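K.L.:
My structure is in entry35.pdb, and what it holds is PDB, C-alpha atoms, pLDDT in the B column:
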```
ATOM      1  CA  MET A   1       0.000   0.000   0.000  1.00 67.00           C
ATOM      2  CA  ASP A   2       1.226   3.464  -0.933  1.00 89.00           C
ATOM      3  CA  ILE A   3       0.636   5.170   2.436  1.00 92.00           C
ATOM      4  CA  GLU A   4       1.133   8.712   1.211  1.00 93.00           C
ATOM      5  CA  THR A   5      -1.370   8.286  -1.636  1.00 95.00           C
ATOM      6  CA  ALA A   6      -3.851   6.538   0.673  1.00 95.00           C
ATOM      7  CA  GLN A   7      -3.631   9.400   3.170  1.00 96.00           C
ATOM      8  CA  PHE A   8      -4.121  11.984   0.423  1.00 96.00           C
ATOM      9  CA  ASN A   9      -7.149  10.156  -0.980  1.00 96.00           C
ATOM     10  CA  MET A  10      -8.664   9.776   2.507  1.00 98.00           C
ATOM     11  CA  ILE A  11      -8.488  13.532   3.057  1.00 98.00           C
ATOM     12  CA  GLU A  12      -9.594  14.639  -0.420  1.00 97.00           C
ATOM     13  CA  GLN A  13     -12.235  12.005  -1.183  1.00 97.00           C
ATOM     14  CA  GLN A  14     -13.687  11.217   2.255  1.00 97.00           C
ATOM     15  CA  VAL A  15     -12.942  13.804   4.914  1.00 98.00           C
ATOM     16  CA  LYS A  16     -13.118  17.166   3.111  1.00 98.00           C
ATOM     17  CA  PRO A  17     -16.371  16.325   1.259  1.00 97.00           C
ATOM     18  CA  TRP A  18     -17.894  15.704   4.695  1.00 97.00           C
ATOM     19  CA  ARG A  19     -17.510  19.366   5.622  1.00 96.00           C
ATOM     20  CA  VAL A  20     -14.322  19.010   7.642  1.00 98.00           C
ATOM     21  CA  PHE A  21     -12.505  22.324   7.242  1.00 96.00           C
ATOM     22  CA  ASN A  22     -10.205  22.496  10.276  1.00 97.00           C
ATOM     23  CA  GLU A  23      -6.781  22.781   8.658  1.00 97.00           C
ATOM     24  CA  LYS A  24      -4.845  21.572  11.701  1.00 98.00           C
ATOM     25  CA  LEU A  25      -7.069  18.509  11.988  1.00 98.00           C
ATOM     26  CA  LEU A  26      -6.728  17.778   8.276  1.00 98.00           C
ATOM     27  CA  GLY A  27      -2.965  18.166   8.520  1.00 97.00           C
ATOM     28  CA  THR A  28      -2.783  15.808  11.479  1.00 98.00           C
ATOM     29  CA  MET A  29      -4.930  13.194   9.746  1.00 98.00           C
ATOM     30  CA  SER A  30      -2.786  13.395   6.625  1.00 96.00           C
ATOM     31  CA  THR A  31       0.381  12.509   8.558  1.00 96.00           C
ATOM     32  CA  LEU A  32      -0.711  10.290  11.474  1.00 97.00           C
ATOM     33  CA  PRO A  33      -0.075   6.647  10.481  1.00 97.00           C
ATOM     34  CA  ARG A  34      -3.567   5.182  10.903  1.00 97.00           C
ATOM     35  CA  GLU A  35      -2.287   1.737   9.948  1.00 96.00           C
ATOM     36  CA  GLN A  36      -0.396   1.629  13.261  1.00 96.00           C
ATOM     37  CA  PHE A  37      -3.675   1.551  15.191  1.00 97.00           C
ATOM     38  CA  ILE A  38      -5.267  -1.556  13.675  1.00 94.00           C
ATOM     39  CA  ALA A  39      -4.563  -5.265  13.409  1.00 92.00           C
ATOM     40  CA  ALA A  40      -2.073  -6.483  10.819  1.00 92.00           C
ATOM     41  CA  ASP A  41      -4.748  -8.177   8.700  1.00 92.00           C
ATOM     42  CA  GLN A  42      -6.707  -4.885   8.505  1.00 92.00           C
ATOM     43  CA  LYS A  43      -3.858  -2.620   7.393  1.00 91.00           C
ATOM     44  CA  GLY A  44      -4.968  -2.616   3.760  1.00 93.00           C
ATOM     45  CA  LEU A  45      -8.188  -0.897   4.913  1.00 96.00           C
ATOM     46  CA  ALA A  46      -6.519   1.648   7.210  1.00 96.00           C
ATOM     47  CA  TYR A  47      -7.528   4.627   5.057  1.00 97.00           C
ATOM     48  CA  ALA A  48     -10.761   3.225   3.635  1.00 97.00           C
ATOM     49  CA  ASP A  49     -14.207   4.694   4.281  1.00 97.00           C
ATOM     50  CA  VAL A  50     -15.318   1.778   6.477  1.00 97.00           C
ATOM     51  CA  HIS A  51     -15.728   0.764  10.092  1.00 97.00           C
ATOM     52  CA  LEU A  52     -12.952  -1.567  11.219  1.00 96.00           C
ATOM     53  CA  PRO A  53     -13.466  -4.266  13.872  1.00 94.00           C
ATOM     54  CA  LEU A  54     -11.258  -3.965  16.953  1.00 95.00           C
ATOM     55  CA  GLY A  55     -12.438  -7.154  18.646  1.00 92.00           C
ATOM     56  CA  GLN A  56     -14.542  -7.400  21.826  1.00 92.00           C
ATOM     57  CA  LYS A  57     -17.590  -6.339  19.715  1.00 90.00           C
ATOM     58  CA  GLN A  58     -16.077  -2.854  19.293  1.00 94.00           C
ATOM     59  CA  LEU A  59     -15.132  -0.958  16.154  1.00 94.00           C
ATOM     60  CA  MET A  60     -13.116   1.948  14.803  1.00 96.00           C
ATOM     61  CA  LEU A  61     -15.209   4.656  13.146  1.00 97.00           C
ATOM     62  CA  ALA A  62     -14.592   5.674   9.540  1.00 98.00           C
ATOM     63  CA  PRO A  63     -12.079   8.542   9.094  1.00 98.00           C
ATOM     64  CA  ARG A  64     -14.717  11.047   7.944  1.00 98.00           C
ATOM     65  CA  GLU A  65     -16.898  10.290  10.974  1.00 98.00           C
ATOM     66  CA  ILE A  66     -14.181  10.715  13.578  1.00 98.00           C
ATOM     67  CA  ALA A  67     -13.012  13.871  11.807  1.00 98.00           C
ATOM     68  CA  ARG A  68     -16.478  15.452  12.050  1.00 98.00           C
ATOM     69  CA  LEU A  69     -16.781  14.482  15.708  1.00 98.00           C
ATOM     70  CA  ILE A  70     -13.405  15.943  16.635  1.00 98.00           C
ATOM     71  CA  GLN A  71     -13.993  19.101  14.600  1.00 98.00           C
ATOM     72  CA  ALA A  72     -17.212  19.702  16.561  1.00 98.00           C
ATOM     73  CA  LEU A  73     -15.224  19.799  19.818  1.00 98.00           C
ATOM     74  CA  GLU A  74     -13.491  22.994  18.625  1.00 98.00           C
ATOM     75  CA  LEU A  75     -10.204  22.055  20.280  1.00 98.00           C
ATOM     76  CA  THR A  76      -7.503  24.642  20.960  1.00 97.00           C
ATOM     77  CA  PRO A  77      -3.944  24.407  22.361  1.00 98.00           C
ATOM     78  CA  SER A  78      -5.339  25.121  25.853  1.00 98.00           C
ATOM     79  CA  THR A  79      -8.151  22.526  25.807  1.00 98.00           C
ATOM     80  CA  LEU A  80      -8.314  19.766  28.430  1.00 98.00           C
ATOM     81  CA  VAL A  81     -10.022  16.748  26.836  1.00 98.00           C
ATOM     82  CA  LEU A  82     -11.704  13.645  28.206  1.00 98.00           C
ATOM     83  CA  GLU A  83     -12.227  10.739  25.831  1.00 98.00           C
ATOM     84  CA  ILE A  84     -14.507   7.935  26.982  1.00 98.00           C
ATOM     85  CA  GLY A  85     -13.621   4.795  25.063  1.00 97.00           C
ATOM     86  CA  THR A  86      -9.998   4.718  23.918  1.00 98.00           C
ATOM     87  CA  GLY A  87     -10.494   1.897  21.439  1.00 97.00           C
ATOM     88  CA  SER A  88      -7.459   1.769  19.170  1.00 97.00           C
ATOM     89  CA  GLY A  89      -6.054   5.059  20.488  1.00 98.00           C
ATOM     90  CA  TYR A  90      -6.390   6.759  17.096  1.00 98.00           C
ATOM     91  CA  SER A  91      -8.867   9.434  18.171  1.00 98.00           C
ATOM     92  CA  SER A  92      -6.862  10.412  21.233  1.00 98.00           C
ATOM     93  CA  ALA A  93      -3.714  10.555  19.089  1.00 98.00           C
ATOM     94  CA  LEU A  94      -5.450  12.984  16.720  1.00 98.00           C
ATOM     95  CA  MET A  95      -6.721  15.109  19.593  1.00 98.00           C
ATOM     96  CA  SER A  96      -3.282  15.178  21.210  1.00 98.00           C
ATOM     97  CA  LYS A  97      -2.061  17.324  18.314  1.00 97.00           C
ATOM     98  CA  LEU A  98      -4.956  19.794  18.681  1.00 98.00           C
ATOM     99  CA  SER A  99      -5.211  20.212  22.460  1.00 98.00           C
ATOM    100  CA  LYS A 100      -3.193  20.631  25.644  1.00 98.00           C
ATOM    101  CA  LYS A 101      -3.908  17.287  27.317  1.00 98.00           C
ATOM    102  CA  VAL A 102      -6.105  14.246  26.667  1.00 98.00           C
ATOM    103  CA  TYR A 103      -7.304  11.842  29.347  1.00 98.00           C
ATOM    104  CA  SER A 104      -8.692   8.704  27.728  1.00 98.00           C
ATOM    105  CA  VAL A 105     -10.591   6.057  29.683  1.00 98.00           C
ATOM    106  CA  GLU A 106     -11.106   2.494  28.444  1.00 97.00           C
ATOM    107  CA  ILE A 107     -12.839  -0.445  30.128  1.00 97.00           C
ATOM    108  CA  ILE A 108     -11.165  -3.186  28.032  1.00 97.00           C
ATOM    109  CA  THR A 109      -7.679  -4.032  29.323  1.00 97.00           C
ATOM    110  CA  GLU A 110      -6.384  -5.239  25.963  1.00 97.00           C
ATOM    111  CA  PHE A 111      -7.296  -1.925  24.321  1.00 97.00           C
ATOM    112  CA  VAL A 112      -5.578   0.065  27.073  1.00 98.00           C
ATOM    113  CA  ARG A 113      -2.313  -1.821  26.649  1.00 98.00           C
ATOM    114  CA  ASN A 114      -2.347  -1.741  22.851  1.00 97.00           C
ATOM    115  CA  ALA A 115      -3.112   1.977  22.668  1.00 98.00           C
ATOM    116  CA  GLN A 116      -0.430   2.804  25.224  1.00 98.00           C
ATOM    117  CA  LYS A 117       2.141   0.863  23.203  1.00 98.00           C
ATOM    118  CA  THR A 118       1.127   2.584  19.960  1.00 98.00           C
ATOM    119  CA  HIS A 119       1.275   6.052  21.526  1.00 98.00           C
ATOM    120  CA  GLN A 120       4.677   5.316  23.030  1.00 98.00           C
ATOM    121  CA  LYS A 121       5.949   4.099  19.670  1.00 98.00           C
ATOM    122  CA  LEU A 122       4.744   7.313  18.010  1.00 98.00           C
ATOM    123  CA  GLY A 123       6.147   9.571  20.728  1.00 98.00           C
ATOM    124  CA  ILE A 124       2.755  10.865  21.885  1.00 98.00           C
ATOM    125  CA  ASN A 125       3.259  12.122  25.425  1.00 96.00           C
ATOM    126  CA  ASN A 126       0.261  14.331  26.251  1.00 98.00           C
ATOM    127  CA  VAL A 127      -2.300  11.500  26.356  1.00 98.00           C
ATOM    128  CA  THR A 128      -2.927   9.567  29.576  1.00 98.00           C
ATOM    129  CA  ILE A 129      -4.872   6.336  29.104  1.00 98.00           C
ATOM    130  CA  GLU A 130      -6.595   4.973  32.191  1.00 98.00           C
ATOM    131  CA  GLU A 131      -8.478   1.730  32.655  1.00 98.00           C
ATOM    132  CA  GLY A 132     -11.958   1.987  34.102  1.00 97.00           C
ATOM    133  CA  ASP A 133     -15.697   2.215  33.555  1.00 96.00           C
ATOM    134  CA  ALA A 134     -16.606   5.777  32.573  1.00 95.00           C
ATOM    135  CA  CYS A 135     -20.141   5.113  31.343  1.00 91.00           C
ATOM    136  CA  ASP A 136     -21.426   7.834  33.679  1.00 91.00           C
ATOM    137  CA  GLY A 137     -18.383  10.099  33.461  1.00 94.00           C
ATOM    138  CA  TRP A 138     -14.863  10.311  34.880  1.00 97.00           C
ATOM    139  CA  MET A 139     -14.255  12.770  37.702  1.00 96.00           C
ATOM    140  CA  ALA A 140     -10.558  12.015  38.227  1.00 96.00           C
ATOM    141  CA  HIS A 141      -9.317  15.067  36.304  1.00 97.00           C
ATOM    142  CA  ALA A 142     -12.550  17.054  35.941  1.00 96.00           C
ATOM    143  CA  PRO A 143     -13.684  19.541  34.888  1.00 97.00           C
ATOM    144  CA  TYR A 144     -12.879  19.128  31.188  1.00 98.00           C
ATOM    145  CA  ASP A 145     -13.270  21.630  28.372  1.00 98.00           C
ATOM    146  CA  ALA A 146     -14.264  18.959  25.841  1.00 98.00           C
ATOM    147  CA  ILE A 147     -15.491  15.376  26.073  1.00 98.00           C
ATOM    148  CA  LEU A 148     -15.603  12.847  23.235  1.00 98.00           C
ATOM    149  CA  ILE A 149     -17.736   9.695  23.527  1.00 97.00           C
ATOM    150  CA  THR A 150     -17.755   7.440  20.472  1.00 95.00           C
ATOM    151  CA  ALA A 151     -19.876   4.570  21.831  1.00 94.00           C
ATOM    152  CA  ALA A 152     -23.656   4.995  21.689  1.00 95.00           C
ATOM    153  CA  LEU A 153     -25.652   6.156  24.719  1.00 95.00           C
ATOM    154  CA  PRO A 154     -29.439   5.966  25.274  1.00 94.00           C
ATOM    155  CA  SER A 155     -29.234   9.523  26.635  1.00 93.00           C
ATOM    156  CA  LEU A 156     -26.750  11.947  28.148  1.00 94.00           C
ATOM    157  CA  GLY A 157     -27.107  11.629  31.903  1.00 91.00           C
ATOM    158  CA  ASP A 158     -26.863  14.435  34.432  1.00 93.00           C
ATOM    159  CA  SER A 159     -23.703  12.856  35.857  1.00 93.00           C
ATOM    160  CA  PHE A 160     -21.777  14.240  32.876  1.00 96.00           C
ATOM    161  CA  LYS A 161     -22.651  17.801  33.931  1.00 96.00           C
ATOM    162  CA  ARG A 162     -20.158  17.541  36.794  1.00 95.00           C
ATOM    163  CA  ASN A 163     -17.457  16.555  34.312  1.00 97.00           C
ATOM    164  CA  LEU A 164     -17.835  19.579  32.088  1.00 97.00           C
ATOM    165  CA  ASN A 165     -16.259  23.003  32.427  1.00 94.00           C
ATOM    166  CA  LYS A 166     -18.369  26.115  31.986  1.00 89.00           C
ATOM    167  CA  ASN A 167     -18.880  26.640  28.242  1.00 92.00           C
ATOM    168  CA  GLY A 168     -17.495  23.162  27.607  1.00 96.00           C
ATOM    169  CA  ARG A 169     -18.972  20.760  25.086  1.00 98.00           C
ATOM    170  CA  ILE A 170     -19.582  17.044  24.728  1.00 98.00           C
ATOM    171  CA  VAL A 171     -19.612  15.306  21.372  1.00 98.00           C
ATOM    172  CA  CYS A 172     -21.295  11.933  21.635  1.00 98.00           C
ATOM    173  CA  ILE A 173     -23.591   9.438  19.901  1.00 97.00           C
ATOM    174  CA  LEU A 174     -27.179   9.378  21.166  1.00 97.00           C
ATOM    175  CA  GLU A 175     -30.298   7.389  20.425  1.00 95.00           C
ATOM    176  CA  LYS A 176     -32.875   9.491  18.560  1.00 93.00           C
ATOM    177  CA  ASP A 177     -35.967   8.539  16.550  1.00 92.00           C
ATOM    178  CA  ASN A 178     -35.118   4.821  16.502  1.00 90.00           C
ATOM    179  CA  GLY A 179     -31.585   5.485  15.269  1.00 95.00           C
ATOM    180  CA  LEU A 180     -28.252   6.900  16.382  1.00 97.00           C
ATOM    181  CA  VAL A 181     -27.117  10.475  15.813  1.00 97.00           C
ATOM    182  CA  ALA A 182     -23.754  12.143  16.357  1.00 98.00           C
ATOM    183  CA  THR A 183     -24.560  15.012  18.710  1.00 98.00           C
ATOM    184  CA  MET A 184     -22.880  18.075  20.211  1.00 98.00           C
ATOM    185  CA  ALA A 185     -24.191  18.905  23.694  1.00 98.00           C
ATOM    186  CA  GLN A 186     -23.682  21.944  25.911  1.00 97.00           C
ATOM    187  CA  LEU A 187     -25.298  23.309  29.066  1.00 96.00           C
ATOM    188  CA  ASP A 188     -27.583  26.337  28.976  1.00 94.00           C
ATOM    189  CA  GLU A 189     -28.001  29.001  31.673  1.00 93.00           C
ATOM    190  CA  ALA A 190     -30.419  26.731  33.546  1.00 94.00           C
ATOM    191  CA  ASN A 191     -27.850  23.913  33.557  1.00 94.00           C
ATOM    192  CA  GLN A 192     -29.903  21.872  31.096  1.00 95.00           C
ATOM    193  CA  TRP A 193     -28.593  20.102  28.011  1.00 96.00           C
ATOM    194  CA  TYR A 194     -29.170  21.561  24.605  1.00 95.00           C
ATOM    195  CA  TYR A 195     -28.192  19.660  21.502  1.00 97.00           C
ATOM    196  CA  GLU A 196     -26.944  20.179  17.987  1.00 97.00           C
ATOM    197  CA  TYR A 197     -27.540  17.070  15.907  1.00 97.00           C
ATOM    198  CA  LEU A 198     -24.705  16.507  13.445  1.00 97.00           C
ATOM    199  CA  PHE A 199     -25.306  13.379  11.340  1.00 97.00           C
ATOM    200  CA  PRO A 200     -26.667   9.798  11.507  1.00 97.00           C
ATOM    201  CA  ILE A 201     -24.091   7.235  12.560  1.00 97.00           C
ATOM    202  CA  GLU A 202     -23.742   3.601  13.623  1.00 95.00           C
ATOM    203  CA  SER A 203     -21.713   2.561  16.663  1.00 94.00           C
ATOM    204  CA  PRO A 204     -21.851  -0.153  19.342  1.00 93.00           C
ATOM    205  CA  LYS A 205     -23.566   0.700  22.603  1.00 93.00           C
ATOM    206  CA  MET A 206     -21.343   1.800  25.448  1.00 91.00           C
ATOM    207  CA  ILE A 207     -20.630  -1.078  27.808  1.00 87.00           C
ATOM    208  CA  ASN A 208     -22.797  -0.835  30.958  1.00 82.00           C
ATOM    209  CA  SER A 209     -24.628   2.280  29.735  1.00 72.00           C
ATOM    210  CA  GLU A 210     -28.069   0.677  29.863  1.00 64.00           C
ATOM    211  CA  GLN A 211     -27.754  -0.071  33.581  1.00 49.00           C
ATOM    212  CA  VAL A 212     -26.779   3.499  34.408  1.00 42.00           C
ATOM    213  CA  ASN A 213     -29.562   5.102  32.376  1.00 44.00           C
ATOM    214  CA  GLN A 214     -32.218   2.754  33.719  1.00 39.00           C
ATOM    215  CA  PHE A 215     -31.361   3.292  37.385  1.00 36.00           C
ATOM    216  CA  VAL A 216     -34.374   4.551  39.352  1.00 33.00           C
ATOM    217  CA  PHE A 217     -33.815   6.889  42.318  1.00 32.00           C
TER     218      PHE A 217
END
```
Would you write out, as structure tokens, the structure that this file holds?
P.N.:
Amino acid sequence: MDIETAQFNMIEQQVKPWRVFNEKLLGTMSTLPREQFIAADQKGLAYADVHLPLGQKQLMLAPREIARLIQALELTPSTLVLEIGTGSGYSSALMSKLSKKVYSVEIITEFVRNAQKTHQKLGINNVTIEEGDACDGWMAHAPYDAILITAALPSLGDSFKRNLNKNGRIVCILEKDNGLVATMAQLDEANQWYYEYLFPIESPKMINSEQVNQFVF
């Protein structure tokens, strides 16, 4: 595979046509070796417009999808980011180039170890990957300026409000009208969620999320 050509085609044919205009994000995607984040037998599809299986019933979103999600976070060099669901470590690697610090939480031990090894190999040193269940948030380093959640949630619970800085934003995948929609959420003056719906998407449900959202006080 000609990596340089594959990266160019990914940007020009997939990502840019999907209204991704952030030049720093595009530049990072065009140089970050996506093939390093997937299994050896998947490397020929590293830059293809497809979901890639990671094992454990989880998947890696298509490049254009993750680009739109990250762009919606509006990251800056001073942004403190929480990612819930490290997966391959690709998303946190992208965000590391656009923000000050990324804390990424993953419940699957194998994913934690693999992502840590990949980041170390690539010299990424402003991402901290922690193992744990963050289906209702992660207070360890809160509050965060931006939160990315790439597994699907039935709804965005109030517990995430404590995680978010004033004027912060969450980009997540929520159930809506019998489907899933990539969504940007912020808090209004009354501390209630308001949403901007971005695009339809498919993603596995977040592990343990059903139990949290169905809990009755």
K.L.:
Determine the residue membership of the PyMOL selection byres ((chain A and resi 81) around 12) for the file above and supply it as an MDAnalysis selection string.
P.N.:
chainID A and resid 70 73:80 82:84 91:105 126:129 138 141:149 163:165 168:171
K.L.:
Find the residues near Asn114 of chain A: any atom within 10 Å, counting only C-alpha atoms, skip ones fewer than 3 places away on the same chain, and give them as a list in words.
P.N.:
Phe37, Ile38, Gly87, Ser88, Gly89, Thr109, Glu110, Phe111, Lys117, Thr118, His119 and Gln120 of chain A
K.L.:
Using only C-alpha atoms, determine which residues lie at most 9 Å from segment 189-200 of chain A, disregarding the query and same-chain residues fewer than 4 positions distant; provide the list as a CSV table (one decimal) with C-alpha atoms, in the frame of the given file.
P.N.:
```
chain,number,residue,atom,x,y,z
A,65,GLU,CA,-16.9,10.3,11.0
A,68,ARG,CA,-16.5,15.5,12.0
A,69,LEU,CA,-16.8,14.5,15.7
A,72,ALA,CA,-17.2,19.7,16.6
A,156,LEU,CA,-26.8,11.9,28.1
A,158,ASP,CA,-26.9,14.4,34.4
A,161,LYS,CA,-22.7,17.8,33.9
A,173,ILE,CA,-23.6,9.4,19.9
A,179,GLY,CA,-31.6,5.5,15.3
A,180,LEU,CA,-28.3,6.9,16.4
A,181,VAL,CA,-27.1,10.5,15.8
A,182,ALA,CA,-23.8,12.1,16.4
A,183,THR,CA,-24.6,15.0,18.7
A,184,MET,CA,-22.9,18.1,20.2
A,185,ALA,CA,-24.2,18.9,23.7
```
K.L.:
Could you check how far atom CA of Lys43 of chain A sits from atom CA of Leu122 of chain A, in Å to one decimal?
P.N.:
16.9 Å
K.L.:
Would you mind reading off the distance between atom CA of Gly44 of chain A and atom CA of Glu4 of chain A, one decimal, in Å?
P.N.:
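A separation of 13.1 Å between them.
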K.L.:
Between atom CA of Gln36 of chain A and atom CA of Thr86 of chain A, what distance in Å does the model show, to one decimal?
P.N.:
14.7 Å
K.L.:
Just the residues within 7 Å of segment 16-25 of chain A, please, counting all atoms listed in the file, with nothing from its chain fewer than 2 positions along; format it as a ChimeraX atom specification.
P.N.:
/A:11-14,27-29,64,67-68,71
K.L.:
Using the chain letters and residue numbers of this document, give as a list in words the residues selected by the PyMOL selection byres ((chain A and resi 58) around 9).
P.N.:
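That selection, the PyMOL selection byres ((chain A and resi 58) around 9), comes back as Leu52, Pro53, Leu54, Gly55, Gln56, Lys57, Leu59, Met60, Gly87, Ala151, Ser203, Pro204 and Lys205 of chain A.
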K.L.:
Please write the residues picked by the PyMOL selection byres ((chain A and resi 137) around 7) on this file as a ChimeraX atom specification.
P.N.:
/A:134-136,138-139,159-160,163
K.L.:
Which residue out of A:Thr150, A:Gln186, A:Asn167, A:Asn125 has the minimum interatomic distance to Glu202 of chain A when only C-alpha atoms are used?
P.N.:
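Result for the nearest residue to Glu202 of chain A: A:Thr150.
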K.L.:
I need every residue sitting at most 12 Å from the point (1.9, 12.2, 7.2) (coordinates as in the file, only C-alpha atoms considered), written as a list of chain:residue names.
P.N.:
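Output of the proximity query reads A:Asp2, A:Ile3, A:Glu4, A:Thr5, A:Ala6, A:Gln7, A:Phe8, A:Met10, A:Ile11, A:Leu25, A:Leu26, A:Gly27, A:Thr28, A:Met29, A:Ser30, A:Thr31, A:Leu32, A:Pro33, A:Arg34, A:Glu35.
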K.L.:
Which of these residues is nearest to Ala48 of chain A, using all atoms listed in the file: A:Val15, A:Ile107, A:Leu153, A:Ala62?
P.N.:
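Using all atoms listed in the file, the shortest distance to Ala48 of chain A belongs to A:Ala62.
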K.L.:
Padding 3 Å on every side, please: axis-aligned box over the listed atoms of segment 85-101 of chain A, centre and edge lengths to one decimal in Å, as JSON.
P.N.:
```
{"center_x": -7.8, "center_y": 11.2, "center_z": 22.0, "size_x": 17.6, "size_y": 24.9, "size_z": 16.6}
```
K.L.:
So, counting only C-alpha atoms, which residue among A:Gly132, A:Leu187, A:Cys172, A:Asn178 is closest to Ile66 of chain A?
P.N.:
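Smallest distance to Ile66 of chain A is found for A:Cys172.
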K.L.:
Which residue out of A:Met206, A:Ala39, A:Leu45, A:Val50 has the minimum interatomic distance to Leu174 of chain A when all atoms listed in the file are used?
P.N.:
A:Met206
